[in-house]
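Structure file model.cif (mmCIF, C-alpha atoms) follows.
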```cif
data_final
loop_
_atom_site.label_atom_id
_atom_site.label_comp_id
_atom_site.auth_asym_id
_atom_site.auth_seq_id
_atom_site.Cartn_x
_atom_site.Cartn_y
_atom_site.Cartn_z
CA MET A 1 -1.48 -55.84 -16.36
CA PRO A 2 0.09 -56.26 -12.91
CA PRO A 3 -2.23 -56.02 -9.90
CA LEU A 4 -2.26 -52.82 -7.81
CA ASP A 5 -1.00 -54.59 -4.69
CA GLY A 6 2.12 -55.90 -6.45
CA ALA A 7 0.95 -59.55 -6.61
CA CYS A 8 1.48 -61.79 -9.62
CA ALA A 9 -0.47 -60.84 -12.71
CA ALA A 10 -1.57 -64.40 -13.23
CA ARG A 11 -3.71 -64.25 -10.07
CA GLN A 12 -5.78 -61.42 -11.52
CA SER A 13 -9.20 -62.27 -12.95
CA PRO A 14 -10.22 -61.01 -16.44
CA PRO A 15 -12.96 -58.68 -15.08
CA VAL A 16 -10.43 -56.97 -12.82
CA ARG A 17 -8.00 -56.60 -15.72
CA ALA A 18 -10.69 -54.95 -17.79
CA LEU A 19 -11.60 -52.65 -14.90
CA LEU A 20 -8.00 -51.53 -14.37
CA THR A 21 -7.37 -51.11 -18.10
CA GLY A 22 -10.39 -48.85 -18.32
CA PHE A 23 -9.22 -46.88 -15.29
CA LEU A 24 -5.80 -46.29 -16.88
CA LEU A 25 -7.43 -45.06 -20.09
CA ILE A 26 -9.54 -42.65 -18.04
CA LEU A 27 -6.42 -41.58 -16.17
CA GLN A 28 -4.58 -40.76 -19.40
CA THR A 29 -7.42 -38.71 -20.84
CA ALA A 30 -7.95 -36.83 -17.56
CA LEU A 31 -4.34 -35.74 -17.09
CA PRO A 32 -3.58 -32.05 -17.90
CA GLY A 33 -1.48 -32.99 -20.91
CA HIS A 34 -4.58 -34.46 -22.57
CA ALA A 35 -6.91 -31.55 -21.79
CA GLN A 36 -8.85 -30.01 -24.62
CA ALA A 37 -7.66 -26.70 -26.05
CA PRO A 38 -9.48 -23.75 -24.50
CA SER A 39 -12.02 -21.90 -26.58
CA PRO A 40 -11.25 -18.33 -27.71
CA ALA A 41 -11.52 -15.98 -24.76
CA LEU A 42 -10.92 -12.38 -23.75
CA THR A 43 -7.40 -11.00 -24.17
CA LEU A 44 -5.86 -8.46 -21.81
CA ASP A 45 -5.96 -5.71 -24.45
CA GLU A 46 -9.64 -6.39 -25.11
CA ALA A 47 -10.37 -6.24 -21.40
CA MET A 48 -8.49 -2.94 -21.10
CA THR A 49 -10.40 -1.41 -24.00
CA ALA A 50 -13.77 -2.53 -22.67
CA ALA A 51 -13.05 -1.31 -19.14
CA LEU A 52 -11.83 2.11 -20.28
CA ALA A 53 -14.97 2.54 -22.37
CA ALA A 54 -17.33 1.43 -19.59
CA ASN A 55 -15.76 3.00 -16.48
CA PRO A 56 -18.29 5.44 -14.93
CA ALA A 57 -15.61 7.42 -13.10
CA LEU A 58 -13.86 8.06 -16.41
CA ALA A 59 -17.15 9.05 -18.01
CA ALA A 60 -17.73 11.56 -15.20
CA ALA A 61 -14.20 12.93 -15.55
CA ARG A 62 -14.67 13.37 -19.29
CA LEU A 63 -17.76 15.46 -18.57
CA GLY A 64 -15.38 17.81 -16.78
CA ARG A 65 -14.04 18.87 -20.18
CA ALA A 66 -17.23 20.79 -20.89
CA GLU A 67 -17.07 22.31 -17.41
CA ALA A 68 -13.47 23.41 -17.96
CA GLN A 69 -14.33 24.91 -21.34
CA ALA A 70 -17.19 26.82 -19.74
CA ARG A 71 -14.71 28.25 -17.23
CA GLY A 72 -12.74 29.56 -20.20
CA GLU A 73 -15.82 31.33 -21.52
CA VAL A 74 -16.38 32.90 -18.11
CA ALA A 75 -12.74 34.01 -17.95
CA ARG A 76 -13.04 35.79 -21.31
CA GLN A 77 -15.92 37.97 -20.11
CA ARG A 78 -15.31 41.67 -19.56
CA PRO A 79 -16.86 43.76 -16.74
CA ASN A 80 -20.27 45.15 -17.62
CA PRO A 81 -20.84 48.92 -17.78
CA GLU A 82 -23.29 50.49 -15.33
CA LEU A 83 -26.01 53.02 -16.20
CA SER A 84 -27.53 55.09 -13.41
CA ILE A 85 -30.56 57.43 -13.70
CA GLU A 86 -31.08 60.05 -10.98
CA GLU A 87 -34.08 62.20 -10.05
CA SER A 88 -33.60 64.75 -7.27
CA LYS A 89 -35.33 67.76 -5.65
CA ASP A 90 -31.97 69.46 -5.67
CA TYR A 91 -30.31 70.92 -8.73
CA PRO A 92 -29.71 69.57 -11.22
CA ARG A 93 -33.00 67.77 -11.06
CA ASP A 94 -32.10 64.96 -13.54
CA ALA A 95 -28.93 63.05 -14.36
CA ALA A 96 -27.94 60.02 -16.45
CA VAL A 97 -24.45 58.57 -15.86
CA LEU A 98 -22.69 55.68 -17.63
CA SER A 99 -19.82 54.03 -15.69
CA VAL A 100 -17.32 51.73 -17.43
CA PRO A 101 -14.86 49.60 -15.39
CA VAL A 102 -11.39 49.46 -16.90
CA GLU A 103 -9.30 46.45 -15.84
CA ARG A 104 -5.59 47.05 -15.48
CA GLY A 105 -2.63 44.75 -15.02
CA GLY A 106 -3.71 42.19 -17.62
CA LYS A 107 -6.38 40.62 -15.40
CA ARG A 108 -8.41 39.24 -18.30
CA GLN A 109 -5.41 37.56 -19.91
CA ARG A 110 -4.44 36.05 -16.55
CA ARG A 111 -7.96 34.71 -16.03
CA ILE A 112 -7.88 33.10 -19.47
CA ALA A 113 -4.48 31.55 -18.76
CA LEU A 114 -5.79 30.13 -15.47
CA ALA A 115 -8.86 28.66 -17.19
CA GLU A 116 -6.66 27.01 -19.83
CA ALA A 117 -4.48 25.54 -17.07
CA GLN A 118 -7.61 24.14 -15.43
CA VAL A 119 -8.56 22.47 -18.72
CA ARG A 120 -5.16 20.79 -18.86
CA SER A 121 -5.49 19.73 -15.22
CA ASN A 122 -8.76 18.02 -16.06
CA GLU A 123 -7.01 16.09 -18.83
CA GLY A 124 -4.37 15.05 -16.30
CA GLU A 125 -7.08 13.71 -13.99
CA ILE A 126 -8.53 11.70 -16.87
CA ALA A 127 -5.09 10.22 -17.59
CA ARG A 128 -4.68 9.33 -13.90
CA LEU A 129 -8.04 7.55 -13.81
CA GLU A 130 -7.20 5.68 -17.01
CA ALA A 131 -3.93 4.44 -15.50
CA GLN A 132 -5.77 3.40 -12.33
CA THR A 133 -8.39 1.53 -14.35
CA ARG A 134 -5.76 -0.27 -16.41
CA ASN A 135 -4.01 -1.38 -13.24
CA GLN A 136 -7.24 -2.68 -11.72
CA VAL A 137 -8.05 -4.59 -14.91
CA ARG A 138 -4.57 -6.14 -15.03
CA ARG A 139 -4.92 -7.43 -11.48
CA ALA A 140 -8.46 -8.74 -11.99
CA TYR A 141 -7.61 -10.28 -15.36
CA PHE A 142 -4.70 -12.35 -14.13
CA ALA A 143 -6.52 -13.20 -10.91
CA LEU A 144 -9.16 -14.78 -13.15
CA ALA A 145 -6.48 -16.49 -15.25
CA ALA A 146 -5.02 -18.02 -12.08
CA ALA A 147 -8.48 -19.02 -10.83
CA GLN A 148 -9.16 -20.76 -14.13
CA ARG A 149 -5.94 -22.73 -13.82
CA ARG A 150 -6.65 -23.70 -10.22
CA ALA A 151 -10.21 -24.76 -11.04
CA THR A 152 -9.01 -26.91 -13.94
CA GLU A 153 -6.32 -28.58 -11.82
CA ALA A 154 -8.77 -29.22 -8.99
CA ALA A 155 -11.42 -30.64 -11.32
CA ASP A 156 -8.89 -32.96 -12.98
CA LEU A 157 -7.66 -34.26 -9.65
CA GLN A 158 -11.20 -34.69 -8.35
CA SER A 159 -12.14 -36.73 -11.41
CA LEU A 160 -9.09 -38.94 -10.97
CA ALA A 161 -9.74 -39.43 -7.26
CA GLU A 162 -13.37 -40.39 -7.86
CA ARG A 163 -12.42 -42.92 -10.50
CA ALA A 164 -9.71 -44.31 -8.24
CA ARG A 165 -12.23 -44.62 -5.42
CA ASP A 166 -14.61 -46.54 -7.68
CA ALA A 167 -11.77 -48.79 -8.86
CA ALA A 168 -10.65 -49.46 -5.29
CA ARG A 169 -14.19 -50.39 -4.26
CA ALA A 170 -14.47 -52.79 -7.19
CA ARG A 171 -11.15 -54.42 -6.34
CA PHE A 172 -12.09 -54.68 -2.68
CA GLU A 173 -15.33 -56.41 -3.60
CA ALA A 174 -13.28 -58.77 -5.80
CA GLY A 175 -11.03 -59.50 -2.82
CA ASP A 176 -7.86 -58.09 -4.42
CA VAL A 177 -7.11 -55.21 -1.98
CA PRO A 178 -7.68 -54.61 1.73
CA ARG A 179 -10.31 -52.29 3.15
CA LEU A 180 -7.58 -49.74 3.97
CA ASP A 181 -7.04 -49.01 0.27
CA VAL A 182 -10.72 -48.23 -0.12
CA LEU A 183 -10.72 -45.88 2.88
CA GLN A 184 -7.64 -44.05 1.61
CA ALA A 185 -9.16 -43.69 -1.85
CA GLU A 186 -12.43 -42.40 -0.37
CA LEU A 187 -10.53 -39.94 1.81
CA SER A 188 -8.61 -38.68 -1.22
CA ALA A 189 -11.84 -38.30 -3.21
CA ALA A 190 -13.51 -36.32 -0.41
CA GLN A 191 -10.48 -34.07 -0.02
CA THR A 192 -10.22 -33.32 -3.73
CA ALA A 193 -13.97 -32.66 -3.92
CA GLY A 194 -13.60 -30.01 -1.23
CA GLU A 195 -10.66 -28.45 -3.05
CA ALA A 196 -12.62 -28.43 -6.31
CA ASP A 197 -15.59 -26.72 -4.65
CA LYS A 198 -13.29 -24.08 -3.20
CA ALA A 199 -11.59 -23.54 -6.56
CA ARG A 200 -14.96 -23.10 -8.29
CA GLY A 201 -16.00 -20.56 -5.67
CA LEU A 202 -12.78 -18.59 -6.14
CA LEU A 203 -13.30 -18.74 -9.91
CA ALA A 204 -16.81 -17.32 -9.55
CA GLY A 205 -15.48 -14.50 -7.37
CA ALA A 206 -12.66 -13.67 -9.79
CA THR A 207 -15.12 -13.70 -12.69
CA ALA A 208 -17.43 -11.30 -10.85
CA ASP A 209 -14.53 -8.94 -10.10
CA LEU A 210 -13.52 -8.65 -13.75
CA ASN A 211 -17.15 -8.44 -14.88
CA ALA A 212 -17.64 -5.50 -12.53
CA LEU A 213 -14.75 -3.62 -14.14
CA LEU A 214 -16.19 -4.38 -17.57
CA ARG A 215 -19.69 -3.25 -16.46
CA ARG A 216 -21.12 -6.72 -17.10
CA PRO A 217 -23.51 -8.67 -14.88
CA PRO A 218 -21.45 -10.37 -12.13
CA GLY A 219 -22.72 -13.84 -12.97
CA ASP A 220 -21.98 -13.70 -16.70
CA PRO A 221 -19.54 -16.42 -17.81
CA LEU A 222 -16.15 -15.04 -18.73
CA ALA A 223 -12.84 -16.61 -19.69
CA VAL A 224 -9.43 -15.06 -20.34
CA SER A 225 -6.76 -16.25 -22.72
CA ASP A 226 -3.47 -14.57 -21.76
CA LEU A 227 -1.07 -16.79 -19.83
CA LEU A 228 0.50 -16.01 -16.47
CA ASP A 229 3.90 -15.44 -18.08
CA ALA A 230 2.61 -12.52 -20.18
CA GLY A 231 4.51 -9.25 -19.97
CA MET A 232 8.15 -8.31 -19.60
CA VAL A 233 10.02 -6.50 -16.85
CA PRO A 234 12.04 -3.47 -17.99
CA PRO A 235 15.46 -2.92 -16.39
CA PRO A 236 15.18 -0.89 -13.16
CA GLN A 237 16.84 2.24 -14.55
CA ALA A 238 14.76 2.10 -17.73
CA ALA A 239 11.64 1.79 -15.57
CA VAL A 240 12.71 4.84 -13.54
CA ASP A 241 13.29 6.85 -16.72
CA LEU A 242 9.88 5.81 -18.03
CA ALA A 243 8.23 6.90 -14.78
CA LEU A 244 9.91 10.31 -14.81
CA ARG A 245 8.76 10.81 -18.41
CA SER A 246 5.29 9.30 -18.33
CA SER A 247 4.03 9.09 -14.74
CA THR A 248 0.45 10.29 -14.54
CA GLU A 249 1.06 11.26 -10.91
CA LEU A 250 3.97 13.51 -11.84
CA ALA A 251 2.03 14.82 -14.84
CA ALA A 252 -0.89 15.73 -12.57
CA LEU A 253 1.49 17.49 -10.17
CA ASP A 254 3.11 19.37 -13.05
CA LEU A 255 -0.29 20.47 -14.31
CA GLY A 256 -1.18 21.53 -10.78
CA LEU A 257 2.01 23.59 -10.65
CA ALA A 258 1.15 25.23 -13.98
CA GLN A 259 -2.33 26.03 -12.69
CA GLN A 260 -0.92 27.48 -9.48
CA LYS A 261 1.57 29.59 -11.43
CA ALA A 262 -1.35 30.99 -13.39
CA GLN A 263 -3.10 31.62 -10.07
CA VAL A 264 -0.04 33.54 -8.83
CA GLU A 265 0.02 35.69 -11.96
CA LEU A 266 -3.69 36.43 -11.59
CA ALA A 267 -3.24 37.39 -7.93
CA ARG A 268 -0.43 39.77 -8.88
CA ALA A 269 -2.58 41.29 -11.61
CA GLU A 270 -5.50 41.71 -9.22
CA ALA A 271 -3.24 43.72 -6.92
CA VAL A 272 -3.19 46.45 -9.59
CA PRO A 273 -6.11 48.87 -8.95
CA ASP A 274 -8.77 49.06 -11.63
CA LEU A 275 -10.25 52.30 -12.94
CA THR A 276 -13.88 53.27 -13.26
CA ALA A 277 -14.55 55.94 -15.88
CA ALA A 278 -17.94 57.64 -15.77
CA ALA A 279 -19.63 60.19 -18.03
CA GLY A 280 -23.15 61.57 -18.04
CA VAL A 281 -25.55 64.39 -18.68
CA THR A 282 -27.44 66.56 -16.21
CA HIS A 283 -30.68 68.51 -16.72
CA TYR A 284 -32.29 71.61 -15.26
CA SER A 285 -30.09 73.52 -12.88
CA PRO A 286 -31.36 77.12 -13.04
CA PRO A 287 -30.12 79.74 -13.38
CA ASP A 288 -26.79 78.23 -14.50
CA PHE A 289 -27.86 75.79 -17.24
CA THR A 290 -30.61 73.64 -18.54
CA TRP A 291 -28.41 70.86 -19.90
CA GLY A 292 -24.98 70.02 -18.52
CA TRP A 293 -22.47 67.19 -18.35
CA ARG A 294 -20.55 65.24 -15.76
CA ALA A 295 -17.34 63.13 -15.96
CA SER A 296 -15.36 61.25 -13.32
CA LEU A 297 -12.49 58.80 -12.87
CA ALA A 298 -12.44 56.58 -9.76
CA VAL A 299 -9.36 54.68 -8.52
CA PRO A 300 -9.41 52.51 -5.33
CA LEU A 301 -6.57 53.22 -2.93
CA PRO A 302 -4.84 49.99 -1.79
CA LEU A 303 -4.30 51.14 1.78
CA PHE A 304 -5.34 47.92 3.53
CA THR A 305 -4.87 45.23 0.84
CA ARG A 306 -1.26 45.13 -0.28
CA ARG A 307 -0.38 41.96 -2.20
CA GLY A 308 -1.57 39.64 0.57
CA GLN A 309 -3.38 37.36 -1.88
CA ALA A 310 -0.34 37.21 -4.15
CA ARG A 311 1.91 36.19 -1.27
CA LEU A 312 -0.58 33.46 -0.30
CA GLU A 313 -0.58 32.05 -3.84
CA GLU A 314 3.22 32.21 -4.01
CA ALA A 315 3.49 30.25 -0.76
CA THR A 316 1.07 27.66 -2.14
CA LEU A 317 3.19 27.39 -5.28
CA ALA A 318 6.33 26.79 -3.22
CA ARG A 319 4.56 24.04 -1.27
CA LEU A 320 3.33 22.35 -4.45
CA GLN A 321 6.83 22.46 -5.94
CA ALA A 322 8.26 20.81 -2.83
CA GLU A 323 5.55 18.13 -2.97
CA ARG A 324 6.37 17.49 -6.62
CA ASP A 325 10.08 17.07 -5.86
CA ALA A 326 9.27 14.72 -2.97
CA ALA A 327 6.94 12.68 -5.19
CA ALA A 328 9.63 12.35 -7.87
CA ALA A 329 12.14 11.08 -5.30
CA ARG A 330 9.59 8.64 -3.88
CA ILE A 331 8.63 7.36 -7.32
CA ARG A 332 12.28 6.73 -8.20
CA GLY A 333 12.67 4.49 -5.17
CA GLU A 334 9.33 2.72 -5.59
CA VAL A 335 9.87 2.02 -9.28
CA PHE A 336 13.40 0.72 -8.80
CA SER A 337 12.25 -1.56 -5.98
CA ALA A 338 9.15 -2.74 -7.87
CA ALA A 339 11.19 -3.51 -11.00
CA ALA A 340 13.70 -5.56 -9.02
CA ASN A 341 10.90 -7.46 -7.25
CA ALA A 342 9.08 -8.13 -10.53
CA GLU A 343 12.24 -9.59 -12.04
CA VAL A 344 12.67 -11.88 -9.02
CA GLN A 345 9.06 -13.06 -9.33
CA ARG A 346 9.51 -13.59 -13.06
CA GLN A 347 12.56 -15.77 -12.53
CA ALA A 348 10.69 -17.76 -9.89
CA TYR A 349 7.80 -18.43 -12.26
CA LEU A 350 10.13 -19.31 -15.15
CA ARG A 351 11.86 -21.82 -12.89
CA TYR A 352 8.53 -23.52 -12.32
CA ARG A 353 7.58 -23.35 -15.98
CA ASP A 354 10.89 -24.47 -17.48
CA GLU A 355 12.36 -26.75 -14.80
CA ILE A 356 10.01 -27.88 -12.06
CA LEU A 357 6.85 -28.60 -14.05
CA PRO A 358 8.61 -30.65 -16.77
CA ARG A 359 10.23 -32.75 -14.05
CA ALA A 360 6.88 -33.06 -12.29
CA ALA A 361 5.36 -34.34 -15.52
CA GLU A 362 8.18 -36.87 -15.71
CA VAL A 363 7.46 -37.99 -12.15
CA GLU A 364 3.81 -38.29 -13.10
CA ARG A 365 4.65 -40.54 -16.05
CA MET A 366 7.03 -42.65 -13.95
CA ALA A 367 4.36 -43.09 -11.27
CA GLU A 368 1.90 -44.21 -13.92
CA ASP A 369 4.46 -46.63 -15.41
CA SER A 370 5.21 -48.01 -11.95
CA TYR A 371 1.51 -48.50 -11.40
CA ARG A 372 1.15 -50.24 -14.76
CA SER A 373 4.01 -52.62 -13.96
CA GLY A 374 2.55 -53.48 -10.58
CA GLN A 375 5.46 -52.04 -8.59
CA THR A 376 3.16 -49.64 -6.71
CA GLY A 377 -0.46 -49.65 -5.74
CA LEU A 378 -3.31 -47.31 -6.48
CA VAL A 379 -2.86 -45.29 -3.30
CA ALA A 380 0.80 -44.62 -4.10
CA LEU A 381 -0.21 -43.47 -7.56
CA LEU A 382 -2.77 -41.06 -6.12
CA GLN A 383 -0.20 -39.67 -3.71
CA SER A 384 2.18 -39.03 -6.60
CA LEU A 385 -0.56 -37.33 -8.59
CA GLN A 386 -1.45 -35.20 -5.56
CA SER A 387 2.17 -34.10 -5.22
CA VAL A 388 2.32 -33.13 -8.89
CA HIS A 389 -1.01 -31.32 -8.51
CA ASP A 390 0.41 -29.34 -5.57
CA LEU A 391 3.43 -28.35 -7.67
CA ARG A 392 1.16 -27.13 -10.45
CA LEU A 393 -0.78 -25.03 -7.95
CA GLN A 394 2.48 -23.60 -6.64
CA ALA A 395 3.38 -22.70 -10.22
CA VAL A 396 0.03 -20.93 -10.58
CA GLN A 397 0.73 -19.00 -7.39
CA ALA A 398 4.18 -18.07 -8.70
CA GLY A 399 2.58 -16.79 -11.89
CA THR A 400 0.05 -14.83 -9.85
CA ASP A 401 2.84 -13.30 -7.78
CA TYR A 402 4.64 -12.33 -10.98
CA GLN A 403 1.58 -10.62 -12.45
CA ASN A 404 0.87 -8.83 -9.16
CA ALA A 405 4.49 -7.64 -9.15
CA LEU A 406 4.02 -6.34 -12.70
CA ALA A 407 0.85 -4.55 -11.58
CA ASP A 408 2.75 -3.02 -8.66
CA LEU A 409 5.45 -1.86 -11.07
CA GLU A 410 2.88 -0.40 -13.45
CA ARG A 411 1.20 1.44 -10.57
CA ALA A 412 4.56 2.79 -9.35
CA ILE A 413 5.47 3.96 -12.86
CA GLY A 414 2.03 5.50 -13.32
CA ALA A 415 1.90 4.55 -16.99
CA PRO A 416 1.34 1.40 -19.09
CA LEU A 417 4.27 -0.98 -19.20
CA PRO A 418 6.13 -1.14 -22.52
#
```

Exercise: express the given structure as structure tokens:
Amino acid sequence: MPPLDGACAARQSPPVRALLTGFLLILQTALPGHAQAPSPALTLDEAMTAALAANPALAAARLGRAEAQARGEVARQRPNPELSIEESKDYPRDAAVLSVPVERGGKRQRRIALAEAQVRSNEGEIARLEAQTRNQVRRAYFALAAAQRRATEAADLQSLAERARDAARARFEAGDVPRLDVLQAELSAAQTAGEADKARGLLAGATADLNALLRRPPGDPLAVSDLLDAGMVPPPQAAVDLALRSSTELAALDLGLAQQKAQVELARAEAVPDLTAAAGVTHYSPPDFTWGWRASLAVPLPLFTRRGQARLEEATLARLQAERDAAAARIRGEVFSAAANAEVQRQAYLRYRDEILPRAAEVERMAEDSYRSGQTGLVALLQSLQSVHDLRLQAVQAGTDYQNALADLERAIGAPLP
């Protein structure tokens, strides 16, 4: 094997040859292409399912179903009759009167319709929270996937730098390289150790974030299996159409409109005066009678309350309709922009995956071959490996940007991506 400083191979002692041969074997096994296959880990769909089942906000929203159903039972109630018993010193001395309220204008049916609209609104809130949870899980999941990649890259480079430092020290002690090579190798090892520590810290933080969404202890070990190129970007117009059909935000606004329309109908019905029919018996009114009867019909006169509540509810309905139209226009723009941005980020990541990283691997192999042939030294090899490592980290960042863009698109659509 040629010496690292480019000198003649014949000048190299057998112990040094053995040392360098061992270092190259370690180098080959430590490179990313020789990494062991990852063990089975959590998929994105599994993470989604677990988070939706464990989310406390969703559990609280689902409890609202019973509350909404109870409102329906209240709405179906009819007014209670009233029984009054009278004793008087005047005549007639005794009286018993039963009063029965009679609702007019379809008030009971309008109350039931409003309660049913409130039940549907609660379901819309559940759907909105589910979409929000899915979006949070997507972001946390791929943040962990990126952190895993960064930690692996940093650990590989740290291992290489430490072995290179040890090899440089051995060669310096053998008198084959100057002290400068040792210092540069030690500097590289210290730098990569710091990067590896930082990557492990970021990995722990990303793991805790996803564990929190899954309702697991923050420190529990967790690994994910989906790659950073997962998911597809729908065409912008198709994404807009999907949002207009499936957006949980628009669905919630539509349900709110339906509820407000029911509120308007109830207010109009309540403007119709109710009747109170009363009938009773009287006792002891001499000399006219001993037993008598009494009947009455009461109707409130709407002199001071004339459809004011109905006009208020109608104005609220008009405002909600305008807000819904504005939200639809905003969502169209946001979805179109998010889809275009996601496609740009996807192309950027694919360029790294299909073009840049294969060429970087080729540069890595050429640097190793040059080192083997003695054309370059150990420091030059480490610099080449550092450059390739930086490119791999840039590819990870490009994949992270792509997944964040997909999450932004999913949030803008308000529904799961196809």

Starting from the shown file, work through the PyMOL selection byres ((chain A and resi 330) around 12) and note down what comes out as a ChimeraX atom specification. /A:240,243-244,249-250,323-329,331-337,412-413

Would you give me, as JSON lines, each residue of region 30-119 of chain A having an atom within 7 Å of an atom of region 207-223 of chain A, along with its shortest atom pair and that distance in Å to one decimal, using all atoms listed in the file and sorting by chain and residue number?
```
{"residue": "A:Ala41", "atom": "CA", "partner": "A:Ala223", "partner_atom": "CA", "distance": 5.3}
{"residue": "A:Leu42", "atom": "CA", "partner": "A:Ala223", "partner_atom": "CA", "distance": 6.2}
{"residue": "A:Ala50", "atom": "CA", "partner": "A:Leu214", "partner_atom": "CA", "distance": 5.9}
{"residue": "A:Ala51", "atom": "CA", "partner": "A:Leu214", "partner_atom": "CA", "distance": 4.7}
{"residue": "A:Ala54", "atom": "CA", "partner": "A:Arg215", "partner_atom": "CA", "distance": 6.1}
```

Name all residues at most 9 Å from region 154-160 of chain A (count only C-alpha atoms; drop same-chain ones fewer than 4 positions away) and give them as a PyMOL selection string. chain A and resi 26-27+30-32+149-150+164-165+188-200+382+385-386+389

Taking C-alpha atoms for each residue, export the selection above as a PDB file, in the frame of the given file.
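Writing done, so here's again-v1.pdb:
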```pdb
ATOM      1  CA  ILE A  26      -9.540 -42.650 -18.040  1.00  0.00           C
ATOM      2  CA  LEU A  27      -6.420 -41.580 -16.170  1.00  0.00           C
ATOM      3  CA  ALA A  30      -7.950 -36.830 -17.560  1.00  0.00           C
ATOM      4  CA  LEU A  31      -4.340 -35.740 -17.090  1.00  0.00           C
ATOM      5  CA  PRO A  32      -3.580 -32.050 -17.900  1.00  0.00           C
ATOM      6  CA  ARG A 149      -5.940 -22.730 -13.820  1.00  0.00           C
ATOM      7  CA  ARG A 150      -6.650 -23.700 -10.220  1.00  0.00           C
ATOM      8  CA  ALA A 164      -9.710 -44.310  -8.240  1.00  0.00           C
ATOM      9  CA  ARG A 165     -12.230 -44.620  -5.420  1.00  0.00           C
ATOM     10  CA  SER A 188      -8.610 -38.680  -1.220  1.00  0.00           C
ATOM     11  CA  ALA A 189     -11.840 -38.300  -3.210  1.00  0.00           C
ATOM     12  CA  ALA A 190     -13.510 -36.320  -0.410  1.00  0.00           C
ATOM     13  CA  GLN A 191     -10.480 -34.070  -0.020  1.00  0.00           C
ATOM     14  CA  THR A 192     -10.220 -33.320  -3.730  1.00  0.00           C
ATOM     15  CA  ALA A 193     -13.970 -32.660  -3.920  1.00  0.00           C
ATOM     16  CA  GLY A 194     -13.600 -30.010  -1.230  1.00  0.00           C
ATOM     17  CA  GLU A 195     -10.660 -28.450  -3.050  1.00  0.00           C
ATOM     18  CA  ALA A 196     -12.620 -28.430  -6.310  1.00  0.00           C
ATOM     19  CA  ASP A 197     -15.590 -26.720  -4.650  1.00  0.00           C
ATOM     20  CA  LYS A 198     -13.290 -24.080  -3.200  1.00  0.00           C
ATOM     21  CA  ALA A 199     -11.590 -23.540  -6.560  1.00  0.00           C
ATOM     22  CA  ARG A 200     -14.960 -23.100  -8.290  1.00  0.00           C
ATOM     23  CA  LEU A 382      -2.770 -41.060  -6.120  1.00  0.00           C
ATOM     24  CA  LEU A 385      -0.560 -37.330  -8.590  1.00  0.00           C
ATOM     25  CA  GLN A 386      -1.450 -35.200  -5.560  1.00  0.00           C
ATOM     26  CA  HIS A 389      -1.010 -31.320  -8.510  1.00  0.00           C
TER      27      HIS A 389
END
```

Selection result for the PyMOL selection byres ((chain A and resi 63-75) around 8) on this file, as a PyMOL selection string: chain A and resi 59-62+76-77+108+111-112+115-116+118-119+122-123

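With distances restricted to all atoms listed in the file, A:Leu320 is the closest residue to Ala258 (chain A) from A:Leu320, A:Ala230, A:Ala170, A:Leu129.
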
Distance cut-off 12 Å, centre (6.6, -21.4, -7.4) in file coordinates, counting all atoms listed in the file: which residues qualify? Return them as a list in words.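 Within 12 Å of (6.6, -21.4, -7.4), the protein and nucleic acid residues are Val344, Gln345, Arg346, Gln347, Ala348, Tyr349, Leu350, Arg351, Tyr352, Arg353, Asp354, Glu355, Ile356, Leu357, Asp390, Leu391, Arg392, Leu393, Gln394, Ala395, Val396, Gln397, Ala398, Gly399, Thr400, Asp401 and Tyr402 of chain A.
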
For CA of Met232 (chain A) and CA of Ala342 (chain A), determine how far apart the two atoms are, in Å to one decimal place.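 CA of Ala342 (chain A) lies at a distance of 9.1 Å from CA of Met232 (chain A).
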
Can you pull out the residues contacting Val281 (chain A)? Cut-off 8 Å, using all atoms listed in the file, and skip same-chain residues under 5 positions away; I want them as JSON, numbers by chain. {"A": [95, 96, 97, 291, 292, 293, 294]}

Quick one: of A:Lys261, A:Arg138, A:Arg169, A:Arg110, who's nearest to Leu44 (chain A), counting only C-alpha atoms?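 Nearest candidate to Leu44 (chain A) out of A:Lys261, A:Arg138, A:Arg169, A:Arg110: A:Arg138.
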
What's around Leu242 (chain A) at 9 Å? Count only C-alpha atoms, leave out sequence neighbours fewer than 4 positions away in its own chain, and write the answer as an NGL selection string. :A and (237-238 or 246-247 or 413 or 415 or 417)

Please list as a list in words every residue within 7 Å of region 252-256 of chain A, counting all atoms listed in the file and excluding residues in the same chain fewer than 6 positions away.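 Neighbouring residues, sequence-local ones excluded: Arg120, Ser121, Gly124, Glu125 and Arg324 of chain A.
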
Can you report as JSON the centre and edge lengths in Å, to one decimal, of an axis-aligned box around the listed atoms of region 238-243 of chain A padded with 3 Å on each side?
```
{"center_x": 11.5, "center_y": 4.3, "center_z": -15.8, "size_x": 12.5, "size_y": 11.1, "size_z": 10.5}
```

So that I can see what lies close to Pro79 (chain A), please list as a VMD selection string the residues with an atom at most 9 Å from it, counting all atoms listed in the file and leaving out residues fewer than 3 positions away in the same chain. chain A and resid 100 to 103

Between CA of Ser373 (chain A) and CA of Glu162 (chain A), what is the distance, to one decimal in Å?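 According to the coordinates, CA of Ser373 (chain A) and CA of Glu162 (chain A) are separated by 22.1 Å.
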
Residues matched by the PyMOL selection byres ((chain A and resi 296) around 10) as a PyMOL selection string: chain A and resi 97+99+276-280+294-295+297-298

For the residues in that selection, give me C-alpha atoms as a compact mmCIF listing (two decimals), in the frame of the given file.
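Result written to again.txt:
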```txt
# COMPACT_ATOMS: atom_id res chain seq x y z
CA VAL A 97 -24.45 58.57 -15.86
CA SER A 99 -19.82 54.03 -15.69
CA THR A 276 -13.88 53.27 -13.26
CA ALA A 277 -14.55 55.94 -15.88
CA ALA A 278 -17.94 57.64 -15.77
CA ALA A 279 -19.63 60.19 -18.03
CA GLY A 280 -23.15 61.57 -18.04
CA ARG A 294 -20.55 65.24 -15.76
CA ALA A 295 -17.34 63.13 -15.96
CA LEU A 297 -12.49 58.80 -12.87
CA ALA A 298 -12.44 56.58 -9.76
```
